[in-house]
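Input: a single structure, listed below in structure tokens.
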Amino acid sequence: MNFSEIESREFDVCVIGSGGGGGIAAKELCEQGAQVCVLEIGEWKNPGKDFLTHVPSFELPFRGLHGEYTRQLYGDPKIFSYSSVGSEPASYFIVPAVGGKTLLWAGHSWRFAPRDFRSHTLRGVGEDWPIRYDDLAAYYDRAEEFMGVCGAHDGLEVIPDGHFLPPLKFRCGELQVARALSKLGPEFRMIATRKAINTIPYNDRPPCHYCGGCSKGCDVDAKYTSANSAIPAALKTARCALVTGAMAREILLDSSGKRASGVVFIEVKSRRERKINCRAVALACGPVESARLLLLSTSKTFPHGFANGSGEVGRNLQSTVDLTTFGYLKSMTGSRIVNDAGTDSFHGTIPNPYYEKPHPNFPNGYLINVGSGAQVAFGGGPLTDFGRVTTGFGAEFKKKLHATVPALVMLGCQGQILESPSNYVDLDPELRDGFGMPAIRLSFSLGESEQAMIRDMRTVTQAILEAAGGVAINPDARGGVDDSHYVGTCKMGTDPSRSVLNRHCQSHEVKNLYVLDGSSFPYYPEKNPTETVIAVAMRGAAHLANELRKGNL
């Protein structure tokens, strides 16, 4: 369908974005009978041709560091300009392609725990969600069954069990760490990392062949993405029109000032403006871009941004604070190097050890992902750090590095950042992107709670290494903000003066606007957000479809 045909139709719903939330929303809406148009700024990518899954890092620009892989694969980053203020450097990237960031995600799929939805009530921090775990449980089930999530039934409240494919197996170093954890106490336990990656053939996708290139894109589609599952399911209904190369510029308000009437978008290649007419808009660009689009869409009714009478659009920006400790296990030094690439970096995870008994200096806690072996060396970081602290030169020096590869261990900590007025998204008053629109401005600062957590992360990861007979390579590792786990910015709540969305991800002020990505999170724990994004989008899409059937929109 060409651009002119798109403009001549009226759709039930315009879904903006085809990533984790947008892809599943389009699928759910189409399967429930809605006529849907999906706007995507990027194009289709061919996994077998476009992904650089098996290209070694040393052949990529800057050895694959500094985001150069993403830039090489997906084009000029200047059209997605951003600025950063605040005490903590905040980086940002998008993946402009059908499927969005699900093309390059590592697949980590965790359910939030029941207590994660009631943090203010139970711990006095953050905000309670207006929904509870039980409201999402059935959608978590459906999400896992659709994606194909591998994992074991571990019987832990901190990370509830679900519907799983056979779990990943620990590699040698991970197994050695797992056996040593009893020395630190019963709250430390390693489980198989749950990932949306096939360990057996599932949903017409093959099993993983353990090449370790997940974050460069899965060229065989063993990993779940919106592009290989959700969007094809939507298209299969014959009710979905996917428009690629379309940059959403503005959501339009009708003359009553109470309803969204359509979406203005720009053809990426020609820069020509076009318009979608629709009965409802489902925004799913990701928390940063969704907030920007709302802030860009001003009117007499909403001079400070579409559906932003509360002033909360862009506020409540949250992510995780990360710290990675590299080390090596003395007992494995000099072992034979084997192909243990597996599914990217981590096969083991230590769930939040502070879930039952919070640390006195921070209210929630963090999980620890554990990886080991030659896969850890692929990024170059641990060997570079090891080289800095290792004496020698020439062949003898290289021999020491070579002997360390099979013994490498990576402990990746991921912890909660508390909501703060210092953390937000707004529009840069001066910087423009490649379309001439105001660029994103990110503000992020870490408070004493996060700094205390970082110090504890260093102490605990080094204690784990010591218990396993290992040595830390970077004992002074610095924590930072994860740029792929942003949530918040359009939080759901019961009070329209303090939130943007209701418990169904529907705007309080514009009833035919829904935001179906991680923007809706009022509170974010230590776990990866994607499975919850998908479950929440499923639930919101069900409400939207029902409202359409009733004629309420």
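Chain labels follow the order of the structure tokens: the first chain is A, the next B, and so on; residue numbering restarts at 1 in every chain, and ligands are counted from 1 in their shown order.
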
Test item: residues at most 7 Å from Asn364 of chain A, only C-alpha atoms, excluding those fewer than 2 positions along its chain, as a ChimeraX atom specification: /A:354-355,358,362,416

Hey, can you spit out that residue selection with N, CA, C and O atoms as a PDB file, in the first residue's frame?
```
ATOM      1  N   TYR A 354      18.440  -8.918  48.012  1.00  0.00           N
ATOM      2  CA  TYR A 354      17.859  -8.043  49.028  1.00  0.00           C
ATOM      3  C   TYR A 354      16.333  -7.968  48.926  1.00  0.00           C
ATOM      4  O   TYR A 354      15.714  -7.075  49.507  1.00  0.00           O
ATOM      5  N   TYR A 355      15.736  -8.889  48.201  1.00  0.00           N
ATOM      6  CA  TYR A 355      14.293  -8.854  48.011  1.00  0.00           C
ATOM      7  C   TYR A 355      13.553  -9.074  49.331  1.00  0.00           C
ATOM      8  O   TYR A 355      12.600  -8.360  49.651  1.00  0.00           O
ATOM      9  N   PRO A 358      15.663  -5.812  52.700  1.00  0.00           N
ATOM     10  CA  PRO A 358      16.349  -4.716  51.999  1.00  0.00           C
ATOM     11  C   PRO A 358      17.627  -4.279  52.705  1.00  0.00           C
ATOM     12  O   PRO A 358      17.751  -4.363  53.932  1.00  0.00           O
ATOM     13  N   PHE A 362      19.769   1.198  50.674  1.00  0.00           N
ATOM     14  CA  PHE A 362      18.952   1.337  49.459  1.00  0.00           C
ATOM     15  C   PHE A 362      17.760   0.390  49.575  1.00  0.00           C
ATOM     16  O   PHE A 362      17.870  -0.702  50.107  1.00  0.00           O
ATOM     17  N   GLN A 416      17.952  -0.969  40.764  1.00  0.00           N
ATOM     18  CA  GLN A 416      16.880   0.014  40.670  1.00  0.00           C
ATOM     19  C   GLN A 416      17.386   1.436  40.870  1.00  0.00           C
ATOM     20  O   GLN A 416      18.231   1.696  41.730  1.00  0.00           O
TER      21      GLN A 416
END
```

Surrounding residues of segment 204-209 of chain A excluding itself and chain neighbours under 5 positions, 9 Å, only C-alpha atoms, as a list in words: Ile197, Asn198, Thr199, Cys218, Val220, Asp221, Ala222, Lys223, Tyr224, Asn228, Gly342 and Thr343 of chain A

Shell around segment 462-473 of chain A at 12 Å using only C-alpha atoms, local window under 5 positions removed, as a PyMOL selection string: chain A and resi 172-185+188-190+324-333+350+368+370+372+381-390+404+407-413+455-457

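Going from atom CA of Pro114 of chain A to atom CA of Glu526 of chain A covers 13.4 Å.
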
Test item, strand (DSSP E or B) assignment across segment 181-427 of chain A, answer as a ChimeraX atom specification: /A:191-192,195,197,202,205,211,223,240-244,246-253,260-267,273-283,318,320-329,342,348-350,366-372,408-416,424-427

Each residue of segment 338-421 of chain A lying at most 12 Å from segment 479-497 of chain A should get a row with its shortest atom-to-atom pair and the distance in Å to one decimal, counting only C-alpha atoms; could you produce that, ordered by chain and increasing number, as a Markdown table?
```
| residue | atom | partner | partner_atom | distance |
| --- | --- | --- | --- | --- |
| A:Gly412 | CA | A:Gly479 | CA | 10.3 |
| A:Cys413 | CA | A:Gly479 | CA | 9.0 |
| A:Gln414 | CA | A:Asp482 | CA | 8.6 |
| A:Gly415 | CA | A:Val481 | CA | 9.7 |
| A:Gln416 | CA | A:Val481 | CA | 10.2 |
| A:Ile417 | CA | A:Val481 | CA | 8.8 |
| A:Leu418 | CA | A:Gly488 | CA | 11.5 |
| A:Glu419 | CA | A:Gly488 | CA | 9.2 |
| A:Ser420 | CA | A:Gly488 | CA | 11.3 |
| A:Pro421 | CA | A:Thr489 | CA | 11.4 |
```

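Here atom CA of Ser18 of chain A is placed at a distance of 15.0 Å from atom CA of Ser519 of chain A.
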
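Using only C-alpha atoms, the protein and nucleic acid residues lying no more than 7 Å from Asp340 of chain A, apart from those fewer than 2 places from it along its own chain, are Val338, Gly342, Gly373, Ala374 and Gln375 of chain A.
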
With N, CA and C atoms retained, write the just-selected residues as a PDB file, in the first residue's frame.
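Result file follows (again13.pdb):
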```pdb
ATOM      1  N   VAL A 338      37.541 -23.302  24.332  1.00  0.00           N
ATOM      2  CA  VAL A 338      36.536 -24.044  23.580  1.00  0.00           C
ATOM      3  C   VAL A 338      35.453 -23.082  23.099  1.00  0.00           C
ATOM      4  N   GLY A 342      27.543 -19.661  23.395  1.00  0.00           N
ATOM      5  CA  GLY A 342      26.198 -19.702  23.970  1.00  0.00           C
ATOM      6  C   GLY A 342      25.290 -18.613  23.440  1.00  0.00           C
ATOM      7  N   GLY A 373      33.861 -17.565  30.274  1.00  0.00           N
ATOM      8  CA  GLY A 373      34.537 -18.184  29.148  1.00  0.00           C
ATOM      9  C   GLY A 373      34.906 -17.227  28.037  1.00  0.00           C
ATOM     10  N   ALA A 374      35.171 -17.808  26.861  1.00  0.00           N
ATOM     11  CA  ALA A 374      35.663 -17.025  25.735  1.00  0.00           C
ATOM     12  C   ALA A 374      34.657 -15.969  25.291  1.00  0.00           C
ATOM     13  N   GLN A 375      33.350 -16.226  25.476  1.00  0.00           N
ATOM     14  CA  GLN A 375      32.326 -15.256  25.097  1.00  0.00           C
ATOM     15  C   GLN A 375      32.552 -13.914  25.781  1.00  0.00           C
TER      16      GLN A 375
END
```

Segment 176-287 of chain A: residues DSSP assigns to helix (DSSP H, G or I), reported as a PyMOL selection string: chain A and resi 176-184+214-216+226-236+287
